[in-house]
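S.K.: If it helps, the file is called protein-v9.cif and holds mmCIF, C-alpha atoms:
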```cif
data_model
#
loop_
_atom_site.group_PDB
_atom_site.id
_atom_site.type_symbol
_atom_site.label_atom_id
_atom_site.label_comp_id
_atom_site.auth_asym_id
_atom_site.auth_seq_id
_atom_site.Cartn_x
_atom_site.Cartn_y
_atom_site.Cartn_z
ATOM 1 C CA MET A 109 0.000 0.000 0.000
ATOM 2 C CA SER A 110 1.085 3.554 -0.671
ATOM 3 C CA ASP A 111 0.943 6.367 1.861
ATOM 4 C CA LEU A 112 0.453 8.781 -1.046
ATOM 5 C CA LEU A 113 -3.211 7.799 -1.366
ATOM 6 C CA PHE A 114 -4.175 7.837 2.289
ATOM 7 C CA ASP A 115 -2.622 8.097 5.725
ATOM 8 C CA ALA A 116 -1.389 4.882 7.278
ATOM 9 C CA PRO A 117 -3.764 3.752 10.052
ATOM 10 C CA GLY A 118 -2.587 4.394 13.568
ATOM 11 C CA PRO A 119 -2.907 2.102 16.596
ATOM 12 C CA ARG A 120 -6.500 3.146 17.315
ATOM 13 C CA ALA A 121 -7.578 2.726 13.677
ATOM 14 C CA ARG A 122 -5.917 -0.696 13.466
ATOM 15 C CA ARG A 123 -7.716 -1.716 16.657
ATOM 16 C CA ARG A 124 -11.048 -0.640 15.190
ATOM 17 C CA MET A 125 -10.344 -2.518 11.968
ATOM 18 C CA LEU A 126 -9.520 -5.656 13.944
ATOM 19 C CA ILE A 127 -12.746 -5.367 15.936
ATOM 20 C CA ALA A 128 -14.761 -4.824 12.743
ATOM 21 C CA ASN A 129 -13.198 -7.902 11.134
ATOM 22 C CA ILE A 130 -13.950 -10.010 14.188
ATOM 23 C CA VAL A 131 -17.567 -8.797 14.275
ATOM 24 C CA ALA A 132 -17.975 -9.537 10.553
ATOM 25 C CA ALA A 133 -16.545 -13.028 11.007
ATOM 26 C CA VAL A 134 -18.896 -13.701 13.932
ATOM 27 C CA VAL A 135 -21.889 -12.525 11.895
ATOM 28 C CA LEU A 136 -20.927 -14.763 8.958
ATOM 29 C CA LEU A 137 -20.473 -17.734 11.272
ATOM 30 C CA ALA A 138 -23.870 -17.029 12.848
ATOM 31 C CA ILE A 139 -25.527 -16.933 9.418
ATOM 32 C CA ALA A 140 -23.809 -20.192 8.465
ATOM 33 C CA ALA A 141 -24.951 -21.779 11.738
ATOM 34 C CA VAL A 142 -28.553 -20.716 11.121
ATOM 35 C CA PHE A 143 -28.381 -22.097 7.580
ATOM 36 C CA ILE A 144 -26.926 -25.417 8.744
ATOM 37 C CA LYS A 145 -29.498 -25.690 11.544
ATOM 38 C CA ALA A 146 -32.309 -25.139 9.042
ATOM 39 C CA LEU A 147 -30.891 -27.908 6.860
ATOM 40 C CA VAL A 148 -30.678 -30.216 9.855
ATOM 41 C CA ASP A 149 -34.257 -29.448 10.892
ATOM 42 C CA LYS A 150 -35.439 -30.279 7.368
ATOM 43 C CA ASP A 151 -33.412 -33.505 7.334
ATOM 44 C CA GLN A 152 -31.350 -32.223 4.415
ATOM 45 C CA LEU A 153 -27.992 -33.280 5.869
ATOM 46 C CA THR A 154 -28.795 -36.913 6.446
ATOM 47 C CA ALA A 155 -26.812 -39.557 4.621
ATOM 48 C CA ALA A 156 -29.905 -40.601 2.666
ATOM 49 C CA ARG A 157 -30.095 -37.153 1.032
ATOM 50 C CA TRP A 158 -26.462 -37.141 -0.083
ATOM 51 C CA SER A 159 -25.906 -40.806 -0.836
ATOM 52 C CA PRO A 160 -27.344 -40.600 -4.409
ATOM 53 C CA PHE A 161 -24.350 -38.456 -5.415
ATOM 54 C CA LEU A 162 -22.064 -41.354 -4.519
ATOM 55 C CA THR A 163 -23.703 -43.583 -7.109
ATOM 56 C CA GLY A 164 -22.828 -43.760 -10.784
ATOM 57 C CA GLU A 165 -26.462 -43.548 -11.850
ATOM 58 C CA VAL A 166 -26.899 -39.914 -10.773
ATOM 59 C CA TRP A 167 -23.721 -38.846 -12.531
ATOM 60 C CA GLN A 168 -24.311 -40.893 -15.655
ATOM 61 C CA TYR A 169 -27.941 -39.955 -16.286
ATOM 62 C CA TYR A 170 -28.204 -36.509 -14.673
ATOM 63 C CA LEU A 171 -25.081 -34.545 -13.796
ATOM 64 C CA LEU A 172 -22.731 -35.462 -16.638
ATOM 65 C CA PRO A 173 -25.357 -34.937 -19.387
ATOM 66 C CA GLY A 174 -26.258 -31.626 -17.763
ATOM 67 C CA LEU A 175 -22.616 -30.579 -17.533
ATOM 68 C CA ARG A 176 -22.091 -31.539 -21.164
ATOM 69 C CA GLY A 177 -25.090 -29.458 -22.223
ATOM 70 C CA THR A 178 -23.823 -26.473 -20.237
ATOM 71 C CA LEU A 179 -20.329 -26.699 -21.729
ATOM 72 C CA VAL A 180 -21.656 -27.152 -25.282
ATOM 73 C CA ALA A 181 -23.954 -24.127 -25.064
ATOM 74 C CA ALA A 182 -21.314 -22.004 -23.343
ATOM 75 C CA GLY A 183 -18.534 -23.049 -25.737
ATOM 76 C CA ILE A 184 -20.538 -22.266 -28.870
ATOM 77 C CA SER A 185 -21.809 -19.016 -27.369
ATOM 78 C CA ILE A 186 -18.310 -17.857 -26.419
ATOM 79 C CA VAL A 187 -17.094 -18.260 -29.998
ATOM 80 C CA THR A 188 -20.160 -16.673 -31.594
ATOM 81 C CA SER A 189 -20.209 -13.833 -29.044
ATOM 82 C CA LEU A 190 -16.572 -12.982 -29.780
ATOM 83 C CA VAL A 191 -17.231 -12.995 -33.538
ATOM 84 C CA PHE A 192 -20.387 -10.892 -33.119
ATOM 85 C CA GLY A 193 -18.638 -8.502 -30.752
ATOM 86 C CA LEU A 194 -15.616 -8.100 -33.017
ATOM 87 C CA LEU A 195 -17.696 -7.342 -36.103
ATOM 88 C CA PHE A 196 -20.059 -4.892 -34.452
ATOM 89 C CA GLY A 197 -17.304 -3.439 -32.273
ATOM 90 C CA LEU A 198 -15.320 -2.554 -35.376
ATOM 91 C CA GLY A 199 -18.506 -1.219 -36.915
ATOM 92 C CA ARG A 200 -19.038 1.071 -33.916
ATOM 93 C CA VAL A 201 -15.626 2.698 -34.467
ATOM 94 C CA SER A 202 -15.917 2.813 -38.254
ATOM 95 C CA THR A 203 -15.262 6.090 -40.063
ATOM 96 C CA LEU A 204 -18.472 5.573 -42.076
ATOM 97 C CA ALA A 205 -21.344 7.209 -40.203
ATOM 98 C CA PRO A 206 -24.135 4.896 -41.524
ATOM 99 C CA VAL A 207 -22.172 1.792 -40.460
ATOM 100 C CA ARG A 208 -21.438 3.345 -37.073
ATOM 101 C CA TRP A 209 -25.108 4.274 -36.500
ATOM 102 C CA PHE A 210 -26.427 0.865 -37.584
ATOM 103 C CA CYS A 211 -23.979 -1.088 -35.422
ATOM 104 C CA GLY A 212 -24.641 1.245 -32.499
ATOM 105 C CA ALA A 213 -28.408 0.724 -32.780
ATOM 106 C CA VAL A 214 -28.031 -3.077 -32.921
ATOM 107 C CA VAL A 215 -25.654 -3.193 -29.966
ATOM 108 C CA GLU A 216 -27.723 -0.893 -27.763
ATOM 109 C CA PHE A 217 -30.928 -2.781 -28.560
ATOM 110 C CA PHE A 218 -29.604 -6.224 -27.671
ATOM 111 C CA ARG A 219 -27.834 -4.899 -24.576
ATOM 112 C CA ALA A 220 -31.169 -3.569 -23.314
ATOM 113 C CA VAL A 221 -33.200 -6.752 -23.880
ATOM 114 C CA PRO A 222 -32.950 -9.397 -21.097
ATOM 115 C CA VAL A 223 -31.107 -12.481 -22.238
ATOM 116 C CA LEU A 224 -33.876 -14.777 -20.968
ATOM 117 C CA LEU A 225 -36.451 -12.916 -23.071
ATOM 118 C CA MET A 226 -34.306 -13.418 -26.165
ATOM 119 C CA MET A 227 -33.997 -17.129 -25.408
ATOM 120 C CA VAL A 228 -37.763 -17.547 -24.998
ATOM 121 C CA PHE A 229 -38.521 -15.474 -28.100
ATOM 122 C CA GLY A 230 -35.994 -17.421 -30.182
ATOM 123 C CA TRP A 231 -37.405 -20.732 -28.947
ATOM 124 C CA LEU A 232 -40.986 -19.766 -29.811
ATOM 125 C CA PHE A 233 -40.082 -18.057 -33.088
ATOM 126 C CA LEU A 234 -37.975 -20.939 -34.393
ATOM 127 C CA GLY A 235 -40.656 -23.373 -33.260
ATOM 128 C CA GLN A 236 -43.241 -21.538 -35.353
ATOM 129 C CA LEU A 237 -40.970 -21.575 -38.412
ATOM 130 C CA GLN A 238 -40.377 -25.336 -38.076
ATOM 131 C CA ILE A 239 -37.005 -25.138 -39.805
ATOM 132 C CA LEU A 240 -35.078 -27.039 -37.130
ATOM 133 C CA PRO A 241 -35.543 -30.433 -35.467
ATOM 134 C CA VAL A 242 -37.503 -30.148 -32.259
ATOM 135 C CA ASP A 243 -34.643 -31.514 -30.171
ATOM 136 C CA GLN A 244 -32.278 -28.799 -31.490
ATOM 137 C CA LEU A 245 -34.557 -25.839 -30.803
ATOM 138 C CA PRO A 246 -33.567 -25.283 -27.141
ATOM 139 C CA LEU A 247 -29.822 -25.308 -27.906
ATOM 140 C CA VAL A 248 -30.168 -22.895 -30.832
ATOM 141 C CA ALA A 249 -32.370 -20.566 -28.775
ATOM 142 C CA VAL A 250 -29.929 -20.575 -25.841
ATOM 143 C CA VAL A 251 -26.948 -19.899 -28.097
ATOM 144 C CA ALA A 252 -28.830 -17.155 -29.960
ATOM 145 C CA GLY A 253 -29.811 -15.369 -26.754
ATOM 146 C CA LEU A 254 -26.335 -15.617 -25.242
ATOM 147 C CA THR A 255 -24.698 -14.518 -28.484
ATOM 148 C CA LEU A 256 -26.849 -11.456 -29.052
ATOM 149 C CA TYR A 257 -26.561 -10.185 -25.493
ATOM 150 C CA ASN A 258 -22.949 -11.006 -24.682
ATOM 151 C CA GLY A 259 -21.782 -10.183 -28.204
ATOM 152 C CA SER A 260 -23.240 -6.712 -27.752
ATOM 153 C CA VAL A 261 -21.344 -6.354 -24.473
ATOM 154 C CA VAL A 262 -18.113 -7.437 -26.174
ATOM 155 C CA ALA A 263 -18.745 -4.918 -28.972
ATOM 156 C CA GLU A 264 -19.098 -2.154 -26.402
ATOM 157 C CA LEU A 265 -15.882 -3.299 -24.719
ATOM 158 C CA ILE A 266 -14.057 -3.053 -28.046
ATOM 159 C CA ARG A 267 -15.474 0.409 -28.712
ATOM 160 C CA SER A 268 -14.487 1.706 -25.297
ATOM 161 C CA GLY A 269 -11.070 0.050 -25.577
ATOM 162 C CA VAL A 270 -10.314 1.683 -28.922
ATOM 163 C CA TYR A 271 -11.562 5.099 -27.842
ATOM 164 C CA GLY A 272 -9.641 4.796 -24.571
ATOM 165 C CA LEU A 273 -6.283 4.638 -26.346
ATOM 166 C CA PRO A 274 -4.185 7.800 -26.647
ATOM 167 C CA ARG A 275 -4.789 9.787 -29.843
ATOM 168 C CA GLY A 276 -1.104 9.500 -30.642
ATOM 169 C CA GLN A 277 -1.553 5.804 -31.504
ATOM 170 C CA ARG A 278 -3.917 6.599 -34.356
ATOM 171 C CA GLU A 279 -1.836 9.554 -35.512
ATOM 172 C CA ALA A 280 1.310 7.418 -35.527
ATOM 173 C CA GLY A 281 -0.370 4.839 -37.760
ATOM 174 C CA LEU A 282 -1.530 7.494 -40.194
ATOM 175 C CA ALA A 283 1.906 9.135 -40.145
ATOM 176 C CA VAL A 284 3.620 6.008 -41.470
ATOM 177 C CA GLY A 285 1.185 5.774 -44.364
ATOM 178 C CA LEU A 286 -1.489 3.416 -43.057
ATOM 179 C CA THR A 287 -5.118 3.994 -43.957
ATOM 180 C CA GLU A 288 -7.808 4.499 -41.328
ATOM 181 C CA GLY A 289 -8.895 0.870 -41.614
ATOM 182 C CA ALA A 290 -5.356 -0.499 -41.498
ATOM 183 C CA THR A 291 -4.557 1.685 -38.487
ATOM 184 C CA LEU A 292 -7.623 0.364 -36.696
ATOM 185 C CA ARG A 293 -6.845 -3.288 -37.445
ATOM 186 C CA SER A 294 -3.071 -3.240 -37.012
ATOM 187 C CA VAL A 295 -2.465 -0.599 -34.338
ATOM 188 C CA LEU A 296 -5.566 0.230 -32.314
ATOM 189 C CA LEU A 297 -7.442 -3.070 -32.134
ATOM 190 C CA PRO A 298 -4.554 -5.219 -30.777
ATOM 191 C CA GLN A 299 -3.888 -2.712 -28.008
ATOM 192 C CA ALA A 300 -7.600 -2.403 -27.208
ATOM 193 C CA LEU A 301 -7.937 -6.190 -26.930
ATOM 194 C CA VAL A 302 -5.069 -6.348 -24.446
ATOM 195 C CA ALA A 303 -6.580 -3.516 -22.398
ATOM 196 C CA MET A 304 -10.019 -5.149 -22.280
ATOM 197 C CA LEU A 305 -8.819 -8.660 -21.373
ATOM 198 C CA PRO A 306 -9.907 -8.512 -17.692
ATOM 199 C CA ALA A 307 -13.434 -7.424 -18.627
ATOM 200 C CA LEU A 308 -13.538 -9.957 -21.460
ATOM 201 C CA ILE A 309 -12.578 -12.806 -19.125
ATOM 202 C CA SER A 310 -15.353 -11.770 -16.740
ATOM 203 C CA GLN A 311 -17.810 -11.811 -19.637
ATOM 204 C CA LEU A 312 -16.825 -15.378 -20.524
ATOM 205 C CA VAL A 313 -17.769 -16.443 -16.999
ATOM 206 C CA VAL A 314 -21.083 -14.606 -17.401
ATOM 207 C CA ILE A 315 -21.794 -16.593 -20.566
ATOM 208 C CA LEU A 316 -21.187 -19.862 -18.739
ATOM 209 C CA LYS A 317 -23.456 -18.898 -15.840
ATOM 210 C CA ASP A 318 -26.238 -17.512 -18.052
ATOM 211 C CA SER A 319 -26.436 -20.810 -19.912
ATOM 212 C CA ALA A 320 -28.310 -22.067 -16.819
ATOM 213 C CA LEU A 321 -31.304 -20.008 -17.953
ATOM 214 C CA GLY A 322 -31.828 -22.582 -20.681
ATOM 215 C CA TYR A 323 -33.666 -24.852 -18.267
ATOM 216 C CA LEU A 324 -36.715 -22.601 -18.669
ATOM 217 C CA ILE A 325 -36.989 -23.583 -22.335
ATOM 218 C CA THR A 326 -36.392 -27.310 -21.685
ATOM 219 C CA TYR A 327 -32.696 -27.255 -22.597
ATOM 220 C CA VAL A 328 -30.830 -30.110 -20.906
ATOM 221 C CA GLU A 329 -28.190 -28.307 -18.841
ATOM 222 C CA LEU A 330 -26.745 -28.608 -15.354
ATOM 223 C CA LEU A 331 -29.333 -26.637 -13.375
ATOM 224 C CA ARG A 332 -32.262 -28.453 -15.011
ATOM 225 C CA GLN A 333 -30.682 -31.799 -14.253
ATOM 226 C CA GLY A 334 -30.080 -30.754 -10.662
ATOM 227 C CA ARG A 335 -33.749 -29.921 -10.241
ATOM 228 C CA GLN A 336 -34.686 -33.296 -11.694
ATOM 229 C CA ILE A 337 -32.398 -34.997 -9.181
ATOM 230 C CA GLY A 338 -34.118 -33.093 -6.378
ATOM 231 C CA THR A 339 -37.536 -34.175 -7.652
ATOM 232 C CA THR A 340 -36.540 -37.801 -8.129
ATOM 233 C CA TYR A 341 -34.663 -38.323 -4.867
ATOM 234 C CA GLN A 342 -36.452 -35.704 -2.746
ATOM 235 C CA ASN A 343 -33.196 -33.887 -2.019
ATOM 236 C CA LEU A 344 -33.549 -30.583 -3.859
ATOM 237 C CA ILE A 345 -31.298 -28.519 -1.588
ATOM 238 C CA PRO A 346 -28.369 -30.992 -1.642
ATOM 239 C CA ALA A 347 -28.787 -31.289 -5.413
ATOM 240 C CA LEU A 348 -28.626 -27.522 -5.869
ATOM 241 C CA ILE A 349 -25.593 -27.324 -3.573
ATOM 242 C CA VAL A 350 -23.784 -29.943 -5.669
ATOM 243 C CA VAL A 351 -24.735 -28.121 -8.885
ATOM 244 C CA ALA A 352 -23.469 -24.836 -7.416
ATOM 245 C CA LEU A 353 -20.141 -26.462 -6.505
ATOM 246 C CA ILE A 354 -19.778 -27.834 -10.039
ATOM 247 C CA PHE A 355 -20.460 -24.367 -11.470
ATOM 248 C CA ILE A 356 -17.836 -22.876 -9.153
ATOM 249 C CA VAL A 357 -15.209 -25.424 -10.205
ATOM 250 C CA VAL A 358 -15.932 -24.940 -13.916
ATOM 251 C CA ASN A 359 -15.890 -21.143 -13.598
ATOM 252 C CA VAL A 360 -12.583 -21.229 -11.723
ATOM 253 C CA LEU A 361 -11.062 -23.469 -14.384
ATOM 254 C CA LEU A 362 -12.385 -21.248 -17.172
ATOM 255 C CA GLY A 363 -11.037 -18.130 -15.467
ATOM 256 C CA THR A 364 -7.641 -19.752 -14.906
ATOM 257 C CA VAL A 365 -7.303 -20.847 -18.521
ATOM 258 C CA ALA A 366 -8.412 -17.427 -19.765
ATOM 259 C CA GLN A 367 -5.930 -15.689 -17.452
ATOM 260 C CA LYS A 368 -3.064 -17.836 -18.749
ATOM 261 C CA LEU A 369 -4.025 -17.136 -22.358
ATOM 262 C CA ALA A 370 -4.269 -13.445 -21.545
ATOM 263 C CA GLY A 371 -0.821 -13.511 -19.957
ATOM 264 C CA ARG A 372 0.669 -15.130 -23.059
ATOM 265 C CA LEU A 373 -1.033 -12.557 -25.268
ATOM 266 C CA ARG A 374 0.330 -9.696 -23.176
ATOM 267 C CA GLY A 375 3.779 -11.239 -23.335
ATOM 268 C CA ARG A 376 3.645 -11.301 -27.135
ATOM 269 C CA THR A 377 2.392 -7.734 -27.493
ATOM 270 C CA ALA A 378 4.651 -6.080 -24.931
ATOM 271 C CA GLY A 379 8.199 -6.578 -23.744
ATOM 272 C CA PRO A 380 11.259 -4.818 -22.383
ATOM 273 C CA VAL A 381 13.230 -2.529 -24.674
ATOM 274 C CA ARG A 382 16.571 -4.017 -25.640
ATOM 275 C CA ALA A 383 19.711 -2.155 -24.717
ATOM 276 C CA GLY A 384 20.854 -2.066 -28.327
ATOM 277 C CA ALA A 385 17.559 -0.881 -29.770
ATOM 278 C CA PRO A 386 17.840 1.446 -32.789
ATOM 279 C CA GLY A 387 16.261 4.316 -30.910
ATOM 280 C CA ASN A 388 18.859 4.119 -28.148
ATOM 281 C CA ALA A 389 21.686 3.975 -30.644
ATOM 282 C CA VAL A 390 20.440 7.092 -32.397
ATOM 283 C CA GLY A 391 20.161 8.904 -29.087
ATOM 284 C CA VAL A 392 23.748 8.027 -28.128
ATOM 285 C CA GLY A 393 25.088 9.108 -31.498
ATOM 286 C CA ARG A 394 23.392 12.490 -31.219
ATOM 287 C CA SER A 395 24.767 13.162 -27.733
ATOM 288 C CA ASP A 396 28.295 12.246 -28.897
ATOM 289 C CA ALA A 397 27.985 14.499 -31.890
ATOM 290 C CA THR A 398 26.800 17.343 -29.711
ATOM 291 C CA ALA A 399 29.651 16.854 -27.297
ATOM 292 C CA THR A 400 32.211 17.045 -30.078
#
```
Output the file's structure as C-alpha cells, nothing else.

M.R.:
Amino acid sequence: MSDLLFDAPGPRARRRMLIANIVAAVVLLAIAAVFIKALVDKDQLTAARWSPFLTGEVWQYYLLPGLRGTLVAAGISIVTSLVFGLLFGLGRVSTLAPVRWFCGAVVEFFRAVPVLLMMVFGWLFLGQLQILPVDQLPLVAVVAGLTLYNGSVVAELIRSGVYGLPRGQREAGLAVGLTEGATLRSVLLPQALVAMLPALISQLVVILKDSALGYLITYVELLRQGRQIGTTYQNLIPALIVVALIFIVVNVLLGTVAQKLAGRLRGRTAGPVRAGAPGNAVGVGRSDATAT
C-alpha cells in the first residue's frame, strides 16, 4: 500500500479494523450456523439425502449430461459472441457514419433486452418456423440469446477500448502511411484487446453462468438436471448445492485458462526494450555528436 493515497492507520484505527473484522466473522459464522441448523431441521444433511451423489447412476444420467449441455452451449456461445462482438465493435468505431449508426443501434438494442427474453422469443419463433428439429430448438435458442446479449457487451468493450487509447496511436499509424482501416486493425485493435482482457474474461464467466437459464426452455443443462435430481430423490437442496459447486469449479477453471491465455497474449504484445535498440543507438550518437 502507498501512503500517497491515504494516511497509514494508527494504533487506534488498526484496533477498530480488527474489531470490525472479528464482528464480521462472527456474523458470517452465525448466518452459516442458522443455515446449517435449518438444513438439519429439514433432514437435508442426512446420509440418505447425499448418498445418491455417490452412485454412478446420478452422474451418468443426470449430472454429466447436464454438464455436457452447459459446456456445449457455453462453448458455442463464447465463440459466436466474440465474432459478433468483433464485427459490431469494429462497426461502432468505423469512419463511415451509416455503419457506425447501424452497429450502435443493434448493440444498444440487444444490450437492453434481457437475455432470458431473447432465449424464450428465439425458442418460440424458431418453433413456429419449423425449420429445425424439435430436439435442437432449445440449444439454438440458448446460443442465440447468449450470443446477441454477450456479443453486444463485447462490442461495447471493443469500442471503449479503442476510444480509450491515446490519440497518438492513431496519428502514428496514419503518419507512417497506413489507412484508417489499417490503423484500426493493425495498431488500435490489438492494443484495445489487451486492455479489455480482464473485462472480457469476466464476460466469458457470465456466458457460462447464463447458460443455466436454458432450463426454462427445456434445454438439458446442469441446473435443469439438478432440479430433476431433487424431484426424483427428494433432495432438492443438496442437489442444488452440488450443482453450485460444479459451477464454481468450472468457472474457476475457465477463469484460470483465460488468465493464462491473456498472460501469453500480453507477453507477445509487450516486452522490455533491448539495450541495443535502434532508438537508443540514435540517441547516443546524437549526444556524442553534440559533445564534439

S.K.: I need the output of the PyMOL selection byres ((chain A and resi 335) around 12) for this file as a PyMOL selection string; which residues are they?

M.R.: chain A and resi 170-171+174+320+323-324+328-334+336-352

S.K.: Within 10 Å of region 227-232 of chain A, which residues of region 265-349 of chain A show up? Give each one with its shortest atom-to-atom distance in Å (one decimal) and the two atoms involved, counting only C-alpha atoms, rows by chain then rising residue number, as JSON lines.

M.R.:
```
{"residue": "A:Leu321", "atom": "CA", "partner": "A:Met227", "partner_atom": "CA", "distance": 8.4}
{"residue": "A:Gly322", "atom": "CA", "partner": "A:Met227", "partner_atom": "CA", "distance": 7.5}
{"residue": "A:Leu324", "atom": "CA", "partner": "A:Val228", "partner_atom": "CA", "distance": 8.2}
{"residue": "A:Ile325", "atom": "CA", "partner": "A:Val228", "partner_atom": "CA", "distance": 6.6}
{"residue": "A:Thr326", "atom": "CA", "partner": "A:Trp231", "partner_atom": "CA", "distance": 9.9}
```

S.K.: Of the candidates A:Leu265, A:Ala280, A:Leu147, A:Leu137, which one gets nearest to Val302 (chain A) if we count all atoms listed in the file?

M.R.: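 Comparing A:Leu265, A:Ala280, A:Leu147, A:Leu137 against Val302 (chain A), the winner is A:Leu265.
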
S.K.: Do you know which residues the PyMOL selection byres ((chain A and resi 198-209) around 8) returns on this file, as number ranges by chain?

M.R.: A: 194-197, 210-213, 263, 266-267, 270, 288

S.K.: Find, counting all atoms listed in the file, the residue in A:Val251, A:Leu308, A:Leu256, A:Leu316 that gets nearest to Glu216 (chain A).

M.R.: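 Ranking A:Val251, A:Leu308, A:Leu256, A:Leu316 by distance to Glu216 (chain A), first place goes to A:Leu256.
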
S.K.: What does the distance from CA of Arg157 (chain A) to CA of Asn359 (chain A) come to in Å, to one decimal?

M.R.: 25.9 Å

S.K.: Generate the missing atoms of region 135-142 of chain A up to all heavy atoms and report them as a compact mmCIF listing (two decimals), keeping the file's coordinate frame.

M.R.:
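Just written: out-v6.txt:
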```
# COMPACT_ATOMS: atom_id res chain seq x y z
N VAL A 135 -20.60 -12.60 12.57
CA VAL A 135 -21.89 -12.52 11.90
C VAL A 135 -21.99 -13.59 10.80
O VAL A 135 -23.02 -14.27 10.65
CB VAL A 135 -22.10 -11.12 11.31
CG1 VAL A 135 -23.33 -11.08 10.40
CG2 VAL A 135 -22.24 -10.09 12.42
N LEU A 136 -20.92 -13.75 10.01
CA LEU A 136 -20.93 -14.76 8.96
C LEU A 136 -21.06 -16.17 9.54
O LEU A 136 -21.79 -17.01 9.00
CB LEU A 136 -19.66 -14.65 8.12
CG LEU A 136 -19.53 -13.40 7.23
CD1 LEU A 136 -18.19 -13.39 6.52
CD2 LEU A 136 -20.67 -13.34 6.22
N LEU A 137 -20.36 -16.43 10.64
CA LEU A 137 -20.47 -17.73 11.27
C LEU A 137 -21.89 -17.96 11.81
O LEU A 137 -22.41 -19.08 11.73
CB LEU A 137 -19.45 -17.86 12.41
CG LEU A 137 -17.98 -17.97 11.97
CD1 LEU A 137 -17.07 -17.97 13.19
CD2 LEU A 137 -17.75 -19.22 11.14
N ALA A 138 -22.50 -16.90 12.34
CA ALA A 138 -23.87 -17.03 12.85
C ALA A 138 -24.84 -17.34 11.71
O ALA A 138 -25.73 -18.20 11.85
CB ALA A 138 -24.29 -15.75 13.57
N ILE A 139 -24.67 -16.66 10.58
CA ILE A 139 -25.53 -16.93 9.42
C ILE A 139 -25.33 -18.37 8.94
O ILE A 139 -26.30 -19.08 8.62
CB ILE A 139 -25.23 -15.93 8.29
CG1 ILE A 139 -25.62 -14.51 8.73
CG2 ILE A 139 -25.96 -16.31 7.01
CD1 ILE A 139 -25.24 -13.44 7.74
N ALA A 140 -24.07 -18.82 8.89
CA ALA A 140 -23.81 -20.19 8.46
C ALA A 140 -24.42 -21.19 9.44
O ALA A 140 -24.97 -22.22 9.03
CB ALA A 140 -22.30 -20.42 8.36
N ALA A 141 -24.37 -20.87 10.74
CA ALA A 141 -24.95 -21.78 11.74
C ALA A 141 -26.46 -21.87 11.58
O ALA A 141 -27.05 -22.96 11.67
CB ALA A 141 -24.59 -21.30 13.14
N VAL A 142 -27.10 -20.72 11.33
CA VAL A 142 -28.55 -20.72 11.12
C VAL A 142 -28.91 -21.53 9.88
O VAL A 142 -29.88 -22.31 9.87
CB VAL A 142 -29.07 -19.28 11.01
CG1 VAL A 142 -30.53 -19.25 10.58
CG2 VAL A 142 -28.90 -18.54 12.33
```
